[in-house]
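Beneath this line is the structure, given in structure tokens, with notes to follow.
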Amino acid sequence: MIGDFMNSIDRRDFLKTTALLGAGTIIGSNFQNIALSQQNQVSSFKPVVIASANGLKTVETAMEMIKNGSDALDAVISGVNIVENDPKDDSVGYGGLPNEEGVVELDSAVMHGPSYRGGSVAALRNIKNPSKVARLVLERTDHVLIVGEGALKFAKAHGFKEENLLTEESREKWLKWKENLSKEDDWLPPHNIDDTDIGEYMKSYSRHYGTIHCSGLDTKGNLSCVTTTSGLAYKIPGRVGDSPIIGAGLYVDNEVGAAGSTGRGEANLLNCSSVMIVEWMRQGKSPEEACLLACKRVNERCREKRLQDEKGRFKHNVKFYAINKRGEFGCASIWGGVRHGKPQFAIHDGESAKILEGVSLFKA
Ligand code: ASP
């Protein structure tokens, strides 16, 4: 741990800093002292960018920008724009899978560590880059979250062009769902926590989630993050997931770290996991440990039998990604293995971009 931190600062600065603060305070992972050292002594941090596994190009682009002096927020937004614009990624932006009426609705949020500001949009239609609109909410309004029709009007006021986001491929997938699988929707009759034979979709694992989260630490030691998604495929129109909710789908504290999520947003909305992960890191947990704690919390707090397997385990997946101020990173998911895929994530550690495997609470 101390080795990583040493790599992130100039050794002469480190000696000055430790003389100022006492070496024990740094070695004892005191984030406040690191922030103080940043203000007073340290001019260069070792940058790092993490993203969900669909973000290899995202971390490459963001790191290139950071190395050229960009602020982490500019870098992570430019990174996820690549995936928003990619018609082949059917979980984000253009080409995202639509709601149950065949209309693409996008959610996104951004958070800027040094200014401690955030912006988000939800259920935004016809605009390819919701992360750019979320950023404008941060920069050009006194609000944090704008939804639906209002978000579209706001985007158009800022010159965004409306376009059809439904690609032929996504339309065909939606039509197949509508024609063959429409029992797998999100409408439920009145139910209680002991009901099991309810909600066809809860019995299978075929519903489609997907999102990109990206967090970055720039060379000035500033953290920022973004999450952007078309959300749960075939959702009830107007459904909002965790991605645009600050504290749930992403969170940053510039003194500590940044975190974000992908997967079943409803579970994460009930647990506000991203802010929890950042707080656990503040208490000294590594990014991976903090992500795993968030998985445990989602699993332990679920009381609804329809969401649990025969062993009482939460049966859907949520995945978390985190970095801290030292440039350490981690990822954990509730499930790893064949059914839900490996807990992979994309990382650029300043040296190279790669896909790595995190840890999971359960395997199936
Ligand atoms: N978390 C997103 C949502 O619930 C979807 C996902 O990440 O797959 O909208």
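Residues are referred to by chain and number: the chain letter is A, B, ... according to the order shown in the structure tokens, the number counts from 1 in that chain, and ligands are numbered separately from 1 in the order shown.
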Got a sec: who's within 7 Å of Val121 in chain A, counting only C-alpha atoms, leaving out chain neighbours fewer than 5 positions off, as an MDAnalysis selection string?
chainID A and resid 107:109 130 134 145:147 151 244
Proximity of chain A to ligand 1: per-residue shortest pair, 10 Å limit, only C-alpha atoms and all ligand atoms, as a Markdown table:
| residue | atom | partner | partner_atom_place_in_ligand_line | distance |
| --- | --- | --- | --- | --- |
| A:Ser52 | CA | ligand 1 | 7 (O) | 9.3 |
| A:Ser91 | CA | ligand 1 | 8 (O) | 7.1 |
| A:Val92 | CA | ligand 1 | 6 (C) | 9.1 |
| A:Leu106 | CA | ligand 1 | 9 (O) | 8.8 |
| A:Asp107 | CA | ligand 1 | 9 (O) | 7.4 |
| A:Ser108 | CA | ligand 1 | 9 (O) | 9.5 |
| A:Ala122 | CA | ligand 1 | 9 (O) | 9.9 |
| A:Arg207 | CA | ligand 1 | 8 (O) | 9.7 |
| A:His208 | CA | ligand 1 | 8 (O) | 7.0 |
| A:Tyr209 | CA | ligand 1 | 8 (O) | 3.2 |
| A:Gly210 | CA | ligand 1 | 8 (O) | 3.1 |
| A:Thr211 | CA | ligand 1 | 7 (O) | 4.2 |
| A:Ile212 | CA | ligand 1 | 7 (O) | 7.1 |
| A:His213 | CA | ligand 1 | 7 (O) | 8.4 |
| A:Thr227 | CA | ligand 1 | 7 (O) | 8.9 |
| A:Thr228 | CA | ligand 1 | 2 (C) | 8.5 |
| A:Thr229 | CA | ligand 1 | 2 (C) | 6.4 |
| A:Ser230 | CA | ligand 1 | 9 (O) | 6.8 |
| A:Gly231 | CA | ligand 1 | 9 (O) | 3.3 |
| A:Leu232 | CA | ligand 1 | 9 (O) | 4.9 |
| A:Ala233 | CA | ligand 1 | 5 (C) | 8.4 |
| A:Lys235 | CA | ligand 1 | 9 (O) | 9.0 |
| A:Arg239 | CA | ligand 1 | 9 (O) | 8.3 |
| A:Val240 | CA | ligand 1 | 9 (O) | 6.5 |
| A:Gly241 | CA | ligand 1 | 9 (O) | 3.8 |
| A:Asp242 | CA | ligand 1 | 4 (O) | 5.4 |
| A:Ser243 | CA | ligand 1 | 1 (N) | 5.5 |
| A:Pro244 | CA | ligand 1 | 9 (O) | 8.5 |
| A:Ala248 | CA | ligand 1 | 1 (N) | 9.4 |
| A:Gly249 | CA | ligand 1 | 1 (N) | 7.0 |
| A:Gly260 | CA | ligand 1 | 1 (N) | 9.6 |
| A:Ser261 | CA | ligand 1 | 1 (N) | 6.6 |
| A:Thr262 | CA | ligand 1 | 7 (O) | 3.3 |
| A:Gly263 | CA | ligand 1 | 7 (O) | 3.7 |
| A:Arg264 | CA | ligand 1 | 4 (O) | 4.6 |
| A:Gly265 | CA | ligand 1 | 4 (O) | 3.1 |
| A:Glu266 | CA | ligand 1 | 4 (O) | 6.1 |
| A:Ala267 | CA | ligand 1 | 4 (O) | 8.3 |
| A:Asn268 | CA | ligand 1 | 1 (N) | 7.8 |
| A:Leu269 | CA | ligand 1 | 4 (O) | 8.6 |
| A:Asn317 | CA | ligand 1 | 8 (O) | 8.9 |
| A:Val318 | CA | ligand 1 | 7 (O) | 7.6 |
| A:Lys319 | CA | ligand 1 | 7 (O) | 8.1 |
| A:Phe320 | CA | ligand 1 | 7 (O) | 9.9 |
Output of the above residues as a short mmCIF file (atom, residue, chain, number, x, y, z; two decimals), in the first residue's frame, restricted to N, CA and C atoms:
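result.cif written:
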data_model
loop_
_atom_site.label_atom_id
_atom_site.label_comp_id
_atom_site.auth_asym_id
_atom_site.auth_seq_id
_atom_site.Cartn_x
_atom_site.Cartn_y
_atom_site.Cartn_z
N SER A 52 -16.41 -0.19 -15.91
CA SER A 52 -16.99 -1.51 -16.09
C SER A 52 -16.30 -2.18 -17.29
N SER A 91 -26.44 -1.43 -24.10
CA SER A 91 -26.79 -1.10 -22.71
C SER A 91 -26.61 0.36 -22.38
N VAL A 92 -26.15 1.13 -23.36
CA VAL A 92 -25.77 2.52 -23.10
C VAL A 92 -26.07 3.36 -24.34
N LEU A 106 -32.68 7.12 -21.42
CA LEU A 106 -31.33 7.08 -20.86
C LEU A 106 -31.23 7.78 -19.50
N ASP A 107 -30.35 7.24 -18.66
CA ASP A 107 -30.06 7.81 -17.34
C ASP A 107 -28.56 8.07 -17.24
N SER A 108 -28.18 9.18 -16.63
CA SER A 108 -26.74 9.40 -16.40
C SER A 108 -26.52 10.40 -15.27
N ALA A 122 -32.49 11.76 -15.99
CA ALA A 122 -33.09 10.43 -15.99
C ALA A 122 -34.24 10.38 -16.97
N ARG A 207 -33.35 -11.27 -18.26
CA ARG A 207 -33.51 -9.83 -18.47
C ARG A 207 -32.14 -9.16 -18.60
N HIS A 208 -32.13 -8.10 -19.34
CA HIS A 208 -30.85 -7.54 -19.75
C HIS A 208 -30.53 -6.24 -18.99
N TYR A 209 -29.44 -6.29 -18.24
CA TYR A 209 -28.91 -5.07 -17.63
C TYR A 209 -27.66 -4.66 -18.40
N GLY A 210 -27.13 -3.51 -18.10
CA GLY A 210 -25.89 -3.08 -18.74
C GLY A 210 -25.76 -1.58 -18.61
N THR A 211 -24.56 -1.11 -18.46
CA THR A 211 -24.29 0.28 -18.08
C THR A 211 -22.81 0.49 -18.24
N ILE A 212 -22.36 1.75 -18.30
CA ILE A 212 -20.94 1.97 -18.06
C ILE A 212 -20.77 2.94 -16.90
N HIS A 213 -19.89 2.53 -15.98
CA HIS A 213 -19.44 3.45 -14.92
C HIS A 213 -17.96 3.71 -15.17
N THR A 227 -21.65 7.78 -14.51
CA THR A 227 -22.33 6.52 -14.84
C THR A 227 -23.38 6.86 -15.90
N THR A 228 -23.48 6.03 -16.93
CA THR A 228 -24.43 6.31 -18.01
C THR A 228 -25.00 4.99 -18.54
N THR A 229 -26.32 4.99 -18.86
CA THR A 229 -26.98 3.73 -19.18
C THR A 229 -28.30 3.93 -19.92
N SER A 230 -28.71 2.86 -20.62
CA SER A 230 -30.10 2.83 -21.09
C SER A 230 -30.96 2.07 -20.07
N GLY A 231 -30.33 1.63 -19.01
CA GLY A 231 -31.06 1.01 -17.89
C GLY A 231 -31.55 -0.39 -18.20
N LEU A 232 -32.47 -0.83 -17.41
CA LEU A 232 -33.04 -2.16 -17.57
C LEU A 232 -33.83 -2.23 -18.88
N ALA A 233 -33.51 -3.25 -19.69
CA ALA A 233 -34.22 -3.40 -20.96
C ALA A 233 -35.69 -3.68 -20.72
N LYS A 235 -38.07 -1.93 -19.56
CA LYS A 235 -38.61 -1.40 -18.31
C LYS A 235 -39.95 -0.70 -18.53
N ARG A 239 -39.29 4.42 -15.74
CA ARG A 239 -38.52 3.76 -14.66
C ARG A 239 -37.11 4.38 -14.59
N VAL A 240 -36.67 4.69 -13.39
CA VAL A 240 -35.32 5.24 -13.21
C VAL A 240 -34.54 4.25 -12.35
N GLY A 241 -33.34 3.91 -12.80
CA GLY A 241 -32.50 2.97 -12.04
C GLY A 241 -31.58 3.71 -11.09
N ASP A 242 -30.53 3.03 -10.70
CA ASP A 242 -29.57 3.63 -9.75
C ASP A 242 -28.57 4.58 -10.42
N SER A 243 -28.34 4.37 -11.74
CA SER A 243 -27.23 5.09 -12.41
C SER A 243 -27.27 6.61 -12.26
N PRO A 244 -28.45 7.26 -12.35
CA PRO A 244 -28.42 8.72 -12.24
C PRO A 244 -28.60 9.22 -10.82
N ALA A 248 -26.10 6.36 -5.03
CA ALA A 248 -26.42 4.97 -5.38
C ALA A 248 -25.53 4.50 -6.53
N GLY A 249 -25.74 5.09 -7.74
CA GLY A 249 -25.02 4.65 -8.93
C GLY A 249 -23.61 5.18 -9.05
N GLY A 260 -18.77 3.38 -8.10
CA GLY A 260 -19.95 3.33 -8.96
C GLY A 260 -20.41 1.90 -9.14
N SER A 261 -21.53 1.75 -9.85
CA SER A 261 -22.15 0.43 -9.92
C SER A 261 -22.71 0.13 -11.30
N THR A 262 -22.90 -1.16 -11.55
CA THR A 262 -23.73 -1.63 -12.66
C THR A 262 -24.54 -2.81 -12.13
N GLY A 263 -25.58 -3.17 -12.84
CA GLY A 263 -26.39 -4.30 -12.42
C GLY A 263 -27.77 -3.88 -11.95
N ARG A 264 -28.44 -4.75 -11.18
CA ARG A 264 -29.83 -4.51 -10.81
C ARG A 264 -29.98 -3.24 -9.96
N GLY A 265 -30.41 -2.18 -10.63
CA GLY A 265 -30.48 -0.87 -10.00
C GLY A 265 -31.42 -0.81 -8.82
N GLU A 266 -32.50 -1.59 -8.85
CA GLU A 266 -33.47 -1.53 -7.77
C GLU A 266 -32.81 -1.93 -6.44
N ALA A 267 -31.93 -2.93 -6.49
CA ALA A 267 -31.25 -3.37 -5.26
C ALA A 267 -30.33 -2.27 -4.76
N ASN A 268 -29.65 -1.64 -5.69
CA ASN A 268 -28.69 -0.62 -5.29
C ASN A 268 -29.39 0.65 -4.80
N LEU A 269 -30.53 0.98 -5.40
CA LEU A 269 -31.28 2.15 -4.95
C LEU A 269 -31.69 2.01 -3.48
N ASN A 317 -27.69 -9.80 -9.95
CA ASN A 317 -26.31 -9.34 -9.79
C ASN A 317 -26.21 -7.82 -9.70
N VAL A 318 -25.30 -7.37 -8.86
CA VAL A 318 -24.89 -5.97 -8.83
C VAL A 318 -23.37 -5.99 -8.72
N LYS A 319 -22.73 -5.05 -9.43
CA LYS A 319 -21.26 -5.02 -9.44
C LYS A 319 -20.80 -3.62 -9.06
N PHE A 320 -19.74 -3.56 -8.30
CA PHE A 320 -19.24 -2.25 -7.84
C PHE A 320 -17.78 -2.06 -8.25
#
Which is closest to Val275 in chain A among A:Ala290, A:Cys302, A:Ile77, A:Ala332, if we use only C-alpha atoms?
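Of A:Ala290, A:Cys302, A:Ile77, A:Ala332, the one nearest Val275 in chain A is A:Ala290, counting only C-alpha atoms.
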For Val48 in chain A: contacts at 6 Å, only C-alpha atoms, fewer than 6 positions along chain excluded, given as a list in words
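Near neighbours after the sequence-gap exclusion: Gly216, Leu217, Gly327, His348, Asp349 and Gly350 of chain A.
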Dump as a PDB file, in the first residue's frame, selection limited to all heavy atoms:
ATOM      1  N   GLY A 216     -12.176   8.319 -12.210  1.00  0.00           N
ATOM      2  CA  GLY A 216     -10.775   8.636 -12.511  1.00  0.00           C
ATOM      3  C   GLY A 216     -10.127   9.500 -11.449  1.00  0.00           C
ATOM      4  O   GLY A 216     -10.791  10.304 -10.781  1.00  0.00           O
ATOM      5  N   LEU A 217      -8.816   9.289 -11.309  1.00  0.00           N
ATOM      6  CA  LEU A 217      -7.971  10.126 -10.432  1.00  0.00           C
ATOM      7  C   LEU A 217      -6.958  10.799 -11.346  1.00  0.00           C
ATOM      8  O   LEU A 217      -6.215  10.109 -12.060  1.00  0.00           O
ATOM      9  CB  LEU A 217      -7.253   9.234  -9.408  1.00  0.00           C
ATOM     10  CG  LEU A 217      -6.182   9.890  -8.529  1.00  0.00           C
ATOM     11  CD1 LEU A 217      -6.815  10.833  -7.505  1.00  0.00           C
ATOM     12  CD2 LEU A 217      -5.363   8.815  -7.794  1.00  0.00           C
ATOM     13  N   GLY A 327      -4.764   5.841  -5.630  1.00  0.00           N
ATOM     14  CA  GLY A 327      -4.687   5.156  -6.922  1.00  0.00           C
ATOM     15  C   GLY A 327      -4.904   3.663  -6.802  1.00  0.00           C
ATOM     16  O   GLY A 327      -4.729   2.919  -7.768  1.00  0.00           O
ATOM     17  N   HIS A 348      -7.038   1.328 -16.133  1.00  0.00           N
ATOM     18  CA  HIS A 348      -5.769   1.885 -16.633  1.00  0.00           C
ATOM     19  C   HIS A 348      -5.034   2.407 -15.417  1.00  0.00           C
ATOM     20  O   HIS A 348      -5.514   3.299 -14.730  1.00  0.00           O
ATOM     21  CB  HIS A 348      -6.016   2.996 -17.651  1.00  0.00           C
ATOM     22  CG  HIS A 348      -4.815   3.222 -18.528  1.00  0.00           C
ATOM     23  ND1 HIS A 348      -3.552   3.436 -18.017  1.00  0.00           N
ATOM     24  CD2 HIS A 348      -4.680   3.250 -19.878  1.00  0.00           C
ATOM     25  CE1 HIS A 348      -2.700   3.595 -19.007  1.00  0.00           C
ATOM     26  NE2 HIS A 348      -3.338   3.467 -20.155  1.00  0.00           N
ATOM     27  N   ASP A 349      -3.876   1.805 -15.152  1.00  0.00           N
ATOM     28  CA  ASP A 349      -3.134   2.160 -13.933  1.00  0.00           C
ATOM     29  C   ASP A 349      -2.025   3.173 -14.225  1.00  0.00           C
ATOM     30  O   ASP A 349      -1.113   3.355 -13.432  1.00  0.00           O
ATOM     31  CB  ASP A 349      -2.553   0.900 -13.292  1.00  0.00           C
ATOM     32  CG  ASP A 349      -1.683   0.113 -14.271  1.00  0.00           C
ATOM     33  OD1 ASP A 349      -1.401   0.620 -15.390  1.00  0.00           O
ATOM     34  OD2 ASP A 349      -1.286  -1.017 -13.933  1.00  0.00           O
ATOM     35  N   GLY A 350      -2.098   3.779 -15.394  1.00  0.00           N
ATOM     36  CA  GLY A 350      -1.055   4.736 -15.767  1.00  0.00           C
ATOM     37  C   GLY A 350      -0.025   4.085 -16.675  1.00  0.00           C
ATOM     38  O   GLY A 350       0.690   4.763 -17.406  1.00  0.00           O
TER      39      GLY A 350
END
Just list the residues in range 186-360 of chain A DSSP gives helix (DSSP H, G or I) on the backbone, as a PyMOL selection string.
chain A and resi 200-203+265-269+273-282+287-301+305-307
Coordinates-based distance that separates CA of Phe45 in chain A from CA of Gly221 in chain A (Å, one decimal):
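Rounded to one decimal, the two atoms are 5.3 Å apart.
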Selection near Leu307 in chain A, 10 Å with only C-alpha atoms, sequence-local residues under 3 positions removed, as number ranges by chain:
A: 193, 195-196, 198-199, 202-203, 267, 299, 302-304, 312-316
